[in-house]
>>> print(open('data19.txt').read())   # compact mmCIF, C-alpha atoms
# COMPACT_ATOMS: atom_id res chain seq x y z
CA MET T 21 0.00 0.00 0.00
CA VAL T 22 2.84 2.38 0.84
CA GLU T 23 4.57 1.62 -2.44
CA PHE T 24 1.32 2.25 -4.36
CA TYR T 25 0.92 5.61 -2.62
CA ASN T 26 4.51 6.62 -3.40
CA GLN T 27 3.92 5.91 -7.08
CA LEU T 28 1.03 8.36 -7.30
CA HIS T 29 1.44 11.80 -8.83
CA PRO T 30 2.46 14.49 -6.28
CA VAL T 31 -0.76 16.40 -7.00
CA VAL T 32 -2.83 13.32 -6.22
CA GLN T 33 -0.84 12.77 -3.04
CA GLY T 34 -1.49 16.37 -2.01
CA VAL T 35 -5.23 16.00 -2.63
CA LEU T 36 -5.34 12.80 -0.58
CA LYS T 37 -3.44 14.46 2.29
CA GLY T 38 -5.81 17.43 2.21
CA LEU T 39 -8.86 15.18 2.31
CA ALA T 40 -7.33 13.21 5.16
CA VAL T 41 -6.79 16.39 7.18
CA ILE T 42 -10.37 17.56 6.57
CA MET T 43 -11.81 14.12 7.42
CA VAL T 44 -9.90 14.10 10.72
CA ILE T 45 -10.11 17.73 11.89
CA PHE T 46 -13.82 18.31 11.23
CA PRO T 47 -15.00 15.22 13.19
CA LEU T 48 -12.53 15.99 15.98
CA GLY T 49 -13.87 19.55 16.14
CA GLY T 50 -17.40 18.20 16.54
CA VAL T 51 -16.32 15.70 19.18
CA CYS T 52 -14.46 18.43 21.09
CA SER T 53 -17.58 20.60 21.02
CA MET T 54 -19.67 17.80 22.50
CA ALA T 55 -16.92 16.90 24.98
CA GLU T 56 -16.77 20.49 26.20
CA ARG T 57 -20.48 20.43 26.95
CA LYS T 58 -20.10 17.15 28.85
CA VAL T 59 -17.04 18.39 30.77
CA SER T 60 -18.81 21.62 31.73
CA ALA T 61 -21.85 19.61 32.87
CA TRP T 62 -19.64 17.28 34.91
CA ILE T 63 -17.90 20.22 36.61
CA GLN T 64 -21.21 21.97 37.31
CA GLY T 65 -22.97 18.81 38.55
CA ARG T 66 -25.59 18.42 35.81
CA PRO T 67 -26.21 15.72 33.17
CA GLY T 68 -25.39 17.71 30.03
CA PRO T 69 -26.47 16.64 26.51
CA ASN T 70 -28.15 13.22 26.82
CA ARG T 71 -31.36 13.19 24.73
CA ALA T 72 -30.48 12.92 21.04
CA ILE T 73 -30.62 9.42 19.57
CA VAL T 74 -31.21 7.90 16.12
CA PRO T 75 -34.12 5.44 15.79
CA TRP T 76 -32.09 2.32 14.99
CA ALA T 77 -29.85 2.87 18.03
CA ALA T 78 -32.88 3.15 20.31
CA TRP T 79 -33.75 -0.47 19.47
CA ILE T 80 -30.47 -1.78 20.93
CA PRO T 81 -31.31 -2.85 24.53
CA VAL T 82 -28.28 -1.73 26.58
CA LEU T 83 -25.87 -0.02 24.21
CA GLY T 84 -28.47 2.38 22.80
CA PRO T 85 -29.46 4.04 26.11
CA PHE T 86 -25.79 4.13 27.19
CA LEU T 87 -24.75 6.00 24.03
CA GLN T 88 -27.72 8.33 24.45
CA ARG T 89 -26.75 9.25 28.01
CA LEU T 90 -23.16 9.66 26.86
CA GLY T 91 -24.33 12.34 24.39
CA LEU T 92 -22.64 10.73 21.39
CA PHE T 93 -25.52 11.39 19.00
CA HIS T 94 -25.44 15.11 19.77
CA VAL T 95 -22.34 15.30 17.55
CA MET T 96 -24.45 14.26 14.55
CA ALA T 97 -27.38 16.46 15.63
CA ASP T 98 -25.19 19.55 16.07
CA GLY T 99 -23.35 18.89 12.80
CA GLY T 100 -26.57 18.49 10.85
CA LYS T 101 -28.08 21.61 12.40
CA MET T 102 -24.96 23.63 11.66
CA LEU T 103 -24.86 22.44 8.05
CA PHE T 104 -28.54 22.73 7.08
CA LYS T 105 -29.71 25.63 9.25
CA GLU T 106 -30.74 28.79 7.42
CA ASP T 107 -27.65 30.99 7.04
CA PRO T 108 -28.82 34.60 6.68
CA LEU T 109 -26.48 37.32 5.50
CA PRO T 110 -27.05 40.63 7.36
CA GLY T 111 -27.67 43.57 5.07
CA HIS T 112 -25.31 45.99 6.82
CA VAL T 113 -22.13 43.85 6.52
CA ASN T 114 -19.40 43.93 3.89
CA LYS T 115 -20.62 40.74 2.26
CA PHE T 116 -17.46 39.57 0.45
CA TYR T 117 -15.13 39.87 3.43
CA PHE T 118 -17.87 38.72 5.81
CA VAL T 119 -18.07 35.38 3.97
CA LEU T 120 -14.29 35.24 3.44
CA ALA T 121 -13.42 35.53 7.17
CA PRO T 122 -14.47 32.00 8.30
CA ILE T 123 -12.73 30.52 5.24
CA VAL T 124 -9.55 32.35 6.17
CA ALA T 125 -9.92 30.96 9.71
CA MET T 126 -9.89 27.38 8.45
CA ILE T 127 -6.83 27.66 6.18
CA PRO T 128 -4.16 28.04 8.93
CA ALA T 129 -6.00 25.55 11.14
CA LEU T 130 -5.85 22.84 8.47
CA THR T 131 -2.39 23.75 7.17
CA THR T 132 -0.45 23.59 10.45
CA VAL T 133 -1.48 19.95 10.94
CA THR T 134 0.84 18.92 8.11
CA ALA T 135 4.01 20.01 9.97
CA VAL T 136 3.18 18.19 13.24
CA PRO T 137 4.38 14.56 13.47
CA PHE T 138 1.76 12.46 15.22
CA GLY T 139 3.48 9.10 15.61
CA ALA T 140 6.44 6.97 14.61
CA TYR T 141 7.45 3.51 13.41
CA LEU T 142 10.64 1.45 13.47
CA ASP T 143 12.51 0.82 10.23
CA GLU T 144 14.52 -2.31 9.45
CA ALA T 145 17.55 -0.89 11.28
CA GLY T 146 15.51 -0.27 14.43
CA ARG T 147 15.53 3.51 14.05
CA VAL T 148 12.46 5.52 15.03
CA ILE T 149 11.02 7.31 11.98
CA PRO T 150 8.42 10.05 12.66
CA LEU T 151 5.02 9.86 10.98
CA GLY T 152 3.72 13.10 9.51
CA LEU T 153 2.27 14.61 6.37
CA ALA T 154 5.30 16.91 5.91
CA ASN T 155 8.30 15.95 8.01
CA VAL T 156 10.22 19.20 7.47
CA ASP T 157 13.32 20.27 9.38
CA ILE T 158 11.79 23.65 10.22
CA GLY T 159 8.57 22.17 11.58
CA LEU T 160 8.15 24.53 14.53
CA LEU T 161 8.86 27.63 12.43
CA ALA T 162 6.26 26.45 9.92
CA VAL T 163 3.67 25.98 12.66
CA PHE T 164 4.35 29.40 14.20
CA ALA T 165 4.42 31.19 10.84
CA VAL T 166 1.15 29.72 9.55
CA SER T 167 -0.83 29.58 12.79
CA SER T 168 -0.22 33.29 13.46
CA LEU T 169 -2.11 34.07 10.24
CA GLY T 170 -5.33 32.87 11.86
CA VAL T 171 -5.76 36.20 13.66
CA TYR T 172 -6.45 37.87 10.32
CA SER T 173 -9.75 35.99 10.13
CA LEU T 174 -10.86 37.49 13.46
CA ILE T 175 -9.81 40.98 12.40
CA LEU T 176 -11.55 40.53 9.06
CA ALA T 177 -14.73 39.23 10.69
CA GLY T 178 -14.86 42.11 13.15
CA TRP T 179 -14.21 44.75 10.51
CA ALA T 180 -16.57 43.27 7.88
CA SER T 181 -19.45 43.04 10.37
CA ASN T 182 -19.78 46.86 10.40
CA SER T 183 -20.76 46.68 14.04
CA LYS T 184 -19.19 48.12 17.18
CA TYR T 185 -18.77 45.00 19.32
CA PRO T 186 -17.38 42.71 16.60
CA PHE T 187 -14.90 45.43 15.63
CA LEU T 188 -13.70 45.70 19.24
CA GLY T 189 -13.33 41.92 19.34
CA GLY T 190 -11.14 42.00 16.23
CA VAL T 191 -8.96 44.74 17.72
CA ARG T 192 -8.58 42.75 20.92
CA ALA T 193 -7.59 39.65 18.95
CA SER T 194 -4.74 41.43 17.17
CA ALA T 195 -3.41 43.01 20.39
CA GLN T 196 -3.62 39.73 22.28
CA LEU T 197 -1.79 37.79 19.56
CA ILE T 198 1.12 40.25 19.51
CA SER T 199 1.32 40.27 23.31
CA TYR T 200 1.56 36.52 23.82
CA GLU T 201 3.26 35.34 20.65
CA LEU T 202 6.52 36.94 21.81
CA SER T 203 6.47 34.98 25.06
CA MET T 204 5.55 31.74 23.28
CA THR T 205 8.47 32.09 20.86
CA LEU T 206 10.94 32.90 23.63
CA SER T 207 9.76 29.89 25.66
CA VAL T 208 10.76 27.33 23.00
CA ILE T 209 14.19 28.79 22.20
CA PRO T 210 15.82 27.10 25.25
CA VAL T 211 14.53 23.73 24.05
CA PHE T 212 16.37 24.00 20.74
CA MET T 213 19.43 25.52 22.38
CA TRP T 214 19.50 22.42 24.57
CA ILE T 215 19.30 19.83 21.77
CA ASN T 216 21.50 21.65 19.22
CA ALA T 217 24.84 20.86 20.78
CA PRO T 218 28.00 22.38 19.24
CA GLY T 219 29.45 20.34 16.42
CA ARG T 220 26.15 18.78 15.39
CA GLU T 221 23.78 19.65 12.59
CA SER T 222 21.28 22.26 13.77
CA THR T 223 17.57 21.56 13.51
CA MET T 224 14.17 23.06 14.27
CA GLY T 225 12.34 19.80 13.62
CA LEU T 226 9.80 18.63 16.17
CA GLY T 227 10.77 15.02 15.54
CA ARG T 228 14.32 15.75 16.72
CA VAL T 229 12.96 17.13 20.00
CA VAL T 230 11.16 13.84 20.61
CA GLU T 231 14.32 12.00 19.62
CA PHE T 232 16.22 13.75 22.41
CA GLN T 233 13.47 12.94 24.92
CA SER T 234 13.79 9.32 23.81
CA GLY T 235 17.43 9.24 24.89
CA ALA T 236 18.62 8.68 21.31
CA TRP T 237 20.02 12.16 20.65
CA GLU T 238 23.77 12.38 21.17
CA GLY T 239 24.62 15.77 22.62
CA PHE T 240 26.64 17.30 25.39
CA THR T 241 23.86 16.51 27.89
CA SER T 242 22.57 13.23 26.51
CA ALA T 243 24.38 11.11 29.10
CA SER T 244 22.57 12.64 32.08
CA TRP T 245 19.43 14.25 30.60
CA GLY T 246 18.55 12.24 27.49
CA GLY T 247 15.23 10.44 27.96
CA LEU T 248 13.87 12.99 30.47
CA TRP T 249 10.92 15.00 29.17
CA PHE T 250 11.45 18.73 28.81
CA VAL T 251 8.50 19.50 31.08
CA PHE T 252 10.80 18.40 33.92
CA VAL T 253 13.98 19.92 32.49
CA MET T 254 12.35 23.26 31.62
CA PRO T 255 9.17 23.63 33.69
CA VAL T 256 9.12 27.43 33.32
CA SER T 257 9.28 27.15 29.51
CA ALA T 258 6.40 24.67 29.60
CA PHE T 259 4.35 27.00 31.82
CA ILE T 260 4.97 30.00 29.57
CA PHE T 261 4.13 28.01 26.44
CA ILE T 262 0.85 26.60 27.78
CA THR T 263 -0.21 30.01 29.12
CA ALA T 264 0.54 31.68 25.79
CA LEU T 265 -1.29 28.83 24.05
CA PHE T 266 -4.44 29.65 26.00
CA ALA T 267 -4.16 33.25 24.81
CA GLU T 268 -3.30 32.30 21.21
CA THR T 269 -6.35 30.04 20.93
CA ASN T 270 -8.62 32.63 22.62
CA ARG T 271 -9.59 30.21 25.36
CA GLN T 272 -10.91 31.35 28.70
CA PRO T 273 -9.59 33.06 30.78
CA PHE T 274 -8.05 34.76 27.71
CA ASP T 275 -11.15 34.82 25.45
CA MET T 276 -11.14 38.60 25.04
CA PRO T 277 -12.03 38.59 21.30
CA GLU T 278 -15.41 36.93 22.03
CA SER T 279 -16.10 38.02 25.60
CA GLU T 280 -19.89 37.81 25.78
CA ALA T 281 -19.93 39.66 29.13
CA ASP T 282 -19.00 42.95 27.49
CA LEU T 283 -18.95 42.30 23.69
CA VAL T 284 -22.15 40.24 23.26
CA GLY T 285 -20.21 37.65 21.23
CA GLY T 286 -17.21 39.56 20.00
CA PHE T 287 -15.95 39.11 16.47
CA HIS T 288 -18.60 36.49 15.55
CA THR T 289 -21.66 38.35 16.88
CA GLU T 290 -23.19 38.75 13.41
CA TYR T 291 -22.46 35.16 12.34
CA GLY T 292 -24.69 32.11 12.45
CA ALA T 293 -25.17 28.56 11.16
CA PHE T 294 -22.33 27.13 9.05
CA LYS T 295 -20.11 30.21 9.00
CA TRP T 296 -20.34 30.47 12.78
CA GLY T 297 -19.47 26.78 13.05
CA LEU T 298 -16.34 27.20 10.95
CA PHE T 299 -14.91 29.63 13.49
CA PHE T 300 -15.31 27.10 16.26
CA VAL T 301 -13.95 24.21 14.21
CA ALA T 302 -10.91 26.42 13.56
CA GLU T 303 -10.61 27.17 17.30
CA TYR T 304 -10.68 23.49 18.21
CA ALA T 305 -8.25 22.72 15.37
CA HIS T 306 -5.81 25.26 16.82
CA MET T 307 -6.30 23.63 20.23
CA ILE T 308 -5.50 20.21 18.78
CA VAL T 309 -2.42 21.44 16.93
CA GLY T 310 -1.23 23.47 19.93
CA SER T 311 -1.69 20.49 22.24
CA GLY T 312 0.21 18.33 19.74
CA VAL T 313 3.11 20.79 19.61
CA PHE T 314 3.19 21.01 23.41
CA THR T 315 3.22 17.21 23.59
CA LEU T 316 6.15 17.01 21.16
CA LEU T 317 8.13 19.76 22.89
CA PHE T 318 7.55 18.98 26.57
CA PHE T 319 5.60 15.71 27.01
CA GLY T 320 7.86 13.28 25.19
CA GLY T 321 5.80 12.96 22.02
CA TRP T 322 4.96 9.30 21.38
CA ASN T 323 7.16 8.00 24.23
CA PRO T 324 4.99 6.44 26.97
CA LEU T 325 7.03 7.50 30.03
CA PRO T 326 10.26 9.36 30.85
CA TRP T 327 13.30 7.13 30.22
CA ILE T 328 10.98 4.56 28.61
CA PRO T 329 11.04 5.35 24.87
CA LEU T 330 8.79 3.85 22.24
CA ALA T 331 11.52 1.46 21.02
CA LYS T 332 11.89 -0.05 24.51
CA LEU T 333 8.12 -0.46 24.89
CA VAL T 334 7.93 -2.16 21.48
CA ALA T 335 10.72 -4.52 22.53
CA TRP T 336 8.90 -5.38 25.75
CA LEU T 337 5.64 -6.07 23.91
CA GLY T 338 7.36 -8.02 21.15
CA VAL T 339 5.66 -6.01 18.38
CA SER T 340 7.44 -6.28 15.03
CA SER T 341 4.92 -5.00 12.49
CA PRO T 342 5.56 -1.35 11.49
CA ILE T 343 1.79 -0.82 11.20
CA LEU T 344 1.17 -1.99 14.78
CA VAL T 345 4.07 0.14 16.04
CA GLY T 346 2.59 3.13 14.20
CA ILE T 347 -0.85 2.52 15.73
CA LEU T 348 0.70 2.20 19.19
CA SER T 349 2.65 5.43 18.84
CA ILE T 350 -0.36 7.33 17.49
CA THR T 351 -2.47 6.04 20.41
CA ILE T 352 0.08 7.26 22.96
CA PHE T 353 0.37 10.63 21.23
CA LEU T 354 -3.40 11.12 20.96
CA ALA T 355 -3.88 10.16 24.62
CA LYS T 356 -1.57 13.00 25.65
CA VAL T 357 -3.27 15.43 23.26
CA LEU T 358 -6.72 14.51 24.58
CA PHE T 359 -5.51 15.04 28.14
CA LEU T 360 -4.33 18.54 27.23
CA ILE T 361 -7.64 19.30 25.50
CA PHE T 362 -9.44 18.19 28.67
CA PHE T 363 -7.14 20.53 30.59
CA PHE T 364 -8.20 23.38 28.26
CA MET T 365 -11.85 22.64 29.04
CA TRP T 366 -11.20 22.17 32.74
CA VAL T 367 -9.59 25.60 33.00
CA ARG T 368 -12.39 27.23 31.02
CA TRP T 369 -15.08 26.09 33.44
CA THR T 370 -12.98 26.70 36.55
CA VAL T 371 -11.04 29.97 36.19
CA PRO T 372 -12.97 33.26 35.76
CA ARG T 373 -12.29 35.49 32.79
CA PHE T 374 -9.67 38.22 33.08
CA ARG T 375 -10.39 41.83 32.28
CA TYR T 376 -8.84 43.14 29.09
CA ASP T 377 -6.36 45.35 30.96
CA GLN T 378 -5.35 42.35 33.07
CA VAL T 379 -4.71 40.29 29.95
CA MET T 380 -2.42 42.98 28.56
CA GLU T 381 -0.63 43.42 31.89
CA ILE T 382 -0.03 39.68 32.25
CA GLY T 383 1.31 39.46 28.71
CA TRP T 384 3.68 42.43 28.77
CA LYS T 385 4.59 42.95 32.45
CA LYS T 386 4.60 39.38 33.78
CA LEU T 387 4.92 36.72 31.10
CA LEU T 388 7.36 38.48 28.76
CA PRO T 389 9.93 39.35 31.49
CA LEU T 390 9.61 35.77 32.77
CA ALA T 391 10.26 34.41 29.26
CA ILE T 392 13.33 36.65 28.82
CA ALA T 393 14.72 35.65 32.22
CA ASN T 394 14.09 31.99 31.44
CA LEU T 395 15.93 32.34 28.13
CA LEU T 396 18.92 34.05 29.74
CA PHE T 397 19.06 31.46 32.51
CA TYR T 398 19.25 28.53 30.10
CA ALA T 399 21.66 30.36 27.81
CA PHE T 400 24.16 30.77 30.67
CA GLU T 401 23.34 27.35 32.10
CA ILE T 402 23.97 25.55 28.81
CA GLY T 403 27.22 27.44 28.43
CA ALA T 404 28.26 26.35 31.93
CA LEU T 405 27.37 22.73 31.15
CA GLN T 406 29.40 22.81 27.95
CA THR T 407 32.50 24.03 29.77
CA ALA T 408 31.94 21.74 32.80
CA GLN T 409 31.78 24.53 35.38
CA PRO T 410 31.56 23.70 39.13
CA TRP T 411 28.21 23.60 40.94
CA TRP T 412 28.52 27.07 42.46
CA VAL T 413 28.60 28.63 38.97
CA HIS T 414 25.19 27.09 38.19
CA ALA T 415 23.85 28.26 41.54
CA ALA T 416 25.12 31.80 40.91
CA ILE T 417 23.43 31.82 37.49
CA GLY T 418 20.12 30.80 39.05
CA VAL T 419 20.26 33.35 41.85
CA ALA T 420 21.25 36.19 39.50
CA THR T 421 18.43 35.35 37.10
CA LEU T 422 15.90 35.17 39.94
CA LEU T 423 16.98 38.54 41.38
CA ALA T 424 16.80 40.18 37.95
CA LEU T 425 13.32 38.77 37.37
CA VAL T 426 12.07 39.96 40.77
CA PHE T 427 13.48 43.43 40.10
CA VAL T 428 11.78 43.69 36.69
CA VAL T 429 8.40 42.20 37.62
CA MET T 430 7.98 43.50 41.15
CA ARG T 431 9.47 46.97 40.79
CA PRO T 432 7.05 49.81 41.68
CA GLU T 433 5.46 51.56 38.73
CA GLN T 434 6.45 55.16 38.14
CA LYS T 435 3.54 57.55 38.41
CA LEU T 436 3.34 60.47 36.05
CA ALA T 437 3.49 63.89 37.63
CA ALA T 438 0.16 65.65 37.83
>>> encode(input="data19.txt", output="structure tokens")
Amino acid sequence: MVEFYNQLHPVVQGVLKGLAVIMVIFPLGGVCSMAERKVSAWIQGRPGPNRAIVPWAAWIPVLGPFLQRLGLFHVMADGGKMLFKEDPLPGHVNKFYFVLAPIVAMIPALTTVTAVPFGAYLDEAGRVIPLGLANVDIGLLAVFAVSSLGVYSLILAGWASNSKYPFLGGVRASAQLISYELSMTLSVIPVFMWINAPGRESTMGLGRVVEFQSGAWEGFTSASWGGLWFVFVMPVSAFIFITALFAETNRQPFDMPESEADLVGGFHTEYGAFKWGLFFVAEYAHMIVGSGVFTLLFFGGWNPLPWIPLAKLVAWLGVSSPILVGILSITIFLAKVLFLIFFFMWVRWTVPRFRYDQVMEIGWKKLLPLAIANLLFYAFEIGALQTAQPWWVHAAIGVATLLALVFVVMRPEQKLAA
């Protein structure tokens, strides 16, 4: 089957990859929407969606009622309603850009999936080969470059609506993206500084990050740190990245672009039916991709546990088929991604929404100085590790970084003279 696929024309391969992405992301978006309603109901102590059921399933004695209470059929009900519901076009909007905005929202959401490896298999030599639609060496740069374009859809939707509240939501989206994208970028630089040891070929590939966390990457720290996940090596980087990811995906408590408490619905106030649904499919797609990137960078990718890589697990289980190894790795990876998506939902229904001024203050006055201090700390620390400095040098680096951070973050604000 693999040989038959490789013999196809590149255009045909591209079309098949595009259809595969659409057939995976759209159902996952619907499932995430239903899961969010069930998670919110569980947190708030209520049953949640549990009534929709198709006639043939109602005839099954035990399984039918169980699936009904689980809310599984609400995915089909919500999808059908979104697709076939009347989709009016308000008369006061800029019609071309109003329709174009949700399409623009889907393009980055579907494109970034191609640069994220989602599993691996073992070749004949026993090497772990990542599975992905486009296994490029600049995978993280590709994800950052394309995903940041998604904010244009929110700006376009707010501007084209010709309404006050959607326009304010679009302005908030652009300001929030700029504020937190800087911190997100600075948080991942230490990871690649750590794995790109001197004398080795440099890389920005996400697969290489997982390779280091598997213990298979030969670097200046591989003897003592290889196999340990980066969430334990760089917990501050992981915290900054996940916080910025909440803001980048407009998830509560950072959902300023659609804050219904003061903007009715924000940038999508004038939208309904299918166009409204596209915005939320794009949001869940960004959540899935962001959770996948976080898993690759900090959670060990497709490795089941720290210091227990996929190859060792396969050896223990005695699995030899590349297809079974691929399914096992994809299952491990998806389990971690689903846990992070549950964490997104858990935070949304637990933590209250910030005010807009608080969001800006956290981004510029708290998170950005923390990201800069974290970068400087690991820059000096990696240099000390390379030159085999004594323990007191590492302690001095940590203390100096902490004092500088406290001075920047906690310093009293200067008041302007009256």
>>> closest_residue(input="data19.txt", among="T:Leu197, T:Val35, T:Ile308, T:Val119", to="T:Val357", atoms="only C-alpha atoms")
T:Ile308
>>> residues_around(input="data19.txt", residues="T:Val211", least_positions_apart="3", cutoff="8 Å", atoms="all atoms listed in the file", output="number ranges by chain")
T: 207-208, 214-215, 229, 250, 254, 317
>>> residues_around(input="data19.txt", residues="T:Thr351", least_positions_apart="2", cutoff="12 Å", atoms="only C-alpha atoms", output="VMD selection string")
chain T and resid 138 to 140 321 to 324 330 344 to 349 353 to 358
>>> closest_residue(input="data19.txt", among="T:Phe314, T:Ile361, T:Asp157, T:Gly49", to="T:Ser222", atoms="all atoms listed in the file")
T:Asp157
>>> atom_distance(input="data19.txt", atom1="atom CA of T:Val230", atom2="atom CA of T:Ile402")
19.2 Å
>>> residues_around(input="data19.txt", residues="stretch 128-135 of chain T", least_positions_apart="5", cutoff="12 Å", atoms="only C-alpha atoms", output="PyMOL selection string")
chain T and resi 34+37-46+49+122-123+150-173+224-227+269+298-313+316
>>> atom_distance(input="data19.txt", atom1="atom CA of T:Val367", atom2="atom CA of T:Arg271")
8.9 Å
>>> build_atoms(input="data19.txt", residues="stretch 142-162 of chain T", atoms="N, CA and C atoms", output="tab-separated table (two decimals), in the coordinates of the input")
chain	number	residue	atom	x	y	z
T	142	LEU	N	9.26	1.91	13.48
T	142	LEU	CA	10.64	1.45	13.47
T	142	LEU	C	10.98	0.89	12.09
T	143	ASP	N	12.09	1.36	11.51
T	143	ASP	CA	12.51	0.82	10.23
T	143	ASP	C	13.28	-0.49	10.44
T	144	GLU	N	13.83	-1.02	9.37
T	144	GLU	CA	14.52	-2.31	9.45
T	144	GLU	C	15.76	-2.24	10.34
T	145	ALA	N	16.37	-1.05	10.44
T	145	ALA	CA	17.55	-0.89	11.28
T	145	ALA	C	17.21	-0.61	12.73
T	146	GLY	N	15.93	-0.55	13.07
T	146	GLY	CA	15.51	-0.27	14.43
T	146	GLY	C	15.45	1.20	14.78
T	147	ARG	N	15.60	2.09	13.80
T	147	ARG	CA	15.53	3.51	14.05
T	147	ARG	C	14.08	3.98	14.07
T	148	VAL	N	13.81	4.96	14.91
T	148	VAL	CA	12.46	5.52	15.03
T	148	VAL	C	12.27	6.58	13.96
T	149	ILE	N	11.30	6.38	13.08
T	149	ILE	CA	11.02	7.31	11.98
T	149	ILE	C	9.69	8.01	12.27
T	150	PRO	N	9.68	9.34	12.36
T	150	PRO	CA	8.42	10.05	12.66
T	150	PRO	C	7.40	9.89	11.54
T	151	LEU	N	6.14	9.89	11.92
T	151	LEU	CA	5.02	9.86	10.98
T	151	LEU	C	4.43	11.26	10.91
T	152	GLY	N	4.30	11.78	9.70
T	152	GLY	CA	3.72	13.10	9.51
T	152	GLY	C	3.47	13.35	8.04
T	153	LEU	N	2.57	14.29	7.77
T	153	LEU	CA	2.27	14.61	6.37
T	153	LEU	C	3.42	15.34	5.71
T	154	ALA	N	4.16	16.17	6.45
T	154	ALA	CA	5.30	16.91	5.91
T	154	ALA	C	6.37	16.98	7.00
T	155	ASN	N	7.25	16.02	6.99
T	155	ASN	CA	8.30	15.95	8.01
T	155	ASN	C	9.44	16.88	7.62
T	156	VAL	N	9.25	18.19	7.87
T	156	VAL	CA	10.22	19.20	7.47
T	156	VAL	C	11.13	19.51	8.66
T	157	ASP	N	12.34	19.98	8.35
T	157	ASP	CA	13.32	20.27	9.38
T	157	ASP	C	13.05	21.58	10.11
T	158	ILE	N	12.16	22.39	9.58
T	158	ILE	CA	11.79	23.65	10.22
T	158	ILE	C	10.33	23.57	10.68
T	159	GLY	N	9.97	22.42	11.24
T	159	GLY	CA	8.57	22.17	11.58
T	159	GLY	C	7.98	23.21	12.51
T	160	LEU	N	8.70	23.57	13.57
T	160	LEU	CA	8.15	24.53	14.53
T	160	LEU	C	8.00	25.91	13.92
T	161	LEU	N	8.98	26.33	13.11
T	161	LEU	CA	8.86	27.63	12.43
T	161	LEU	C	7.65	27.65	11.51
T	162	ALA	N	7.42	26.53	10.81
T	162	ALA	CA	6.26	26.45	9.92
T	162	ALA	C	4.96	26.57	10.71
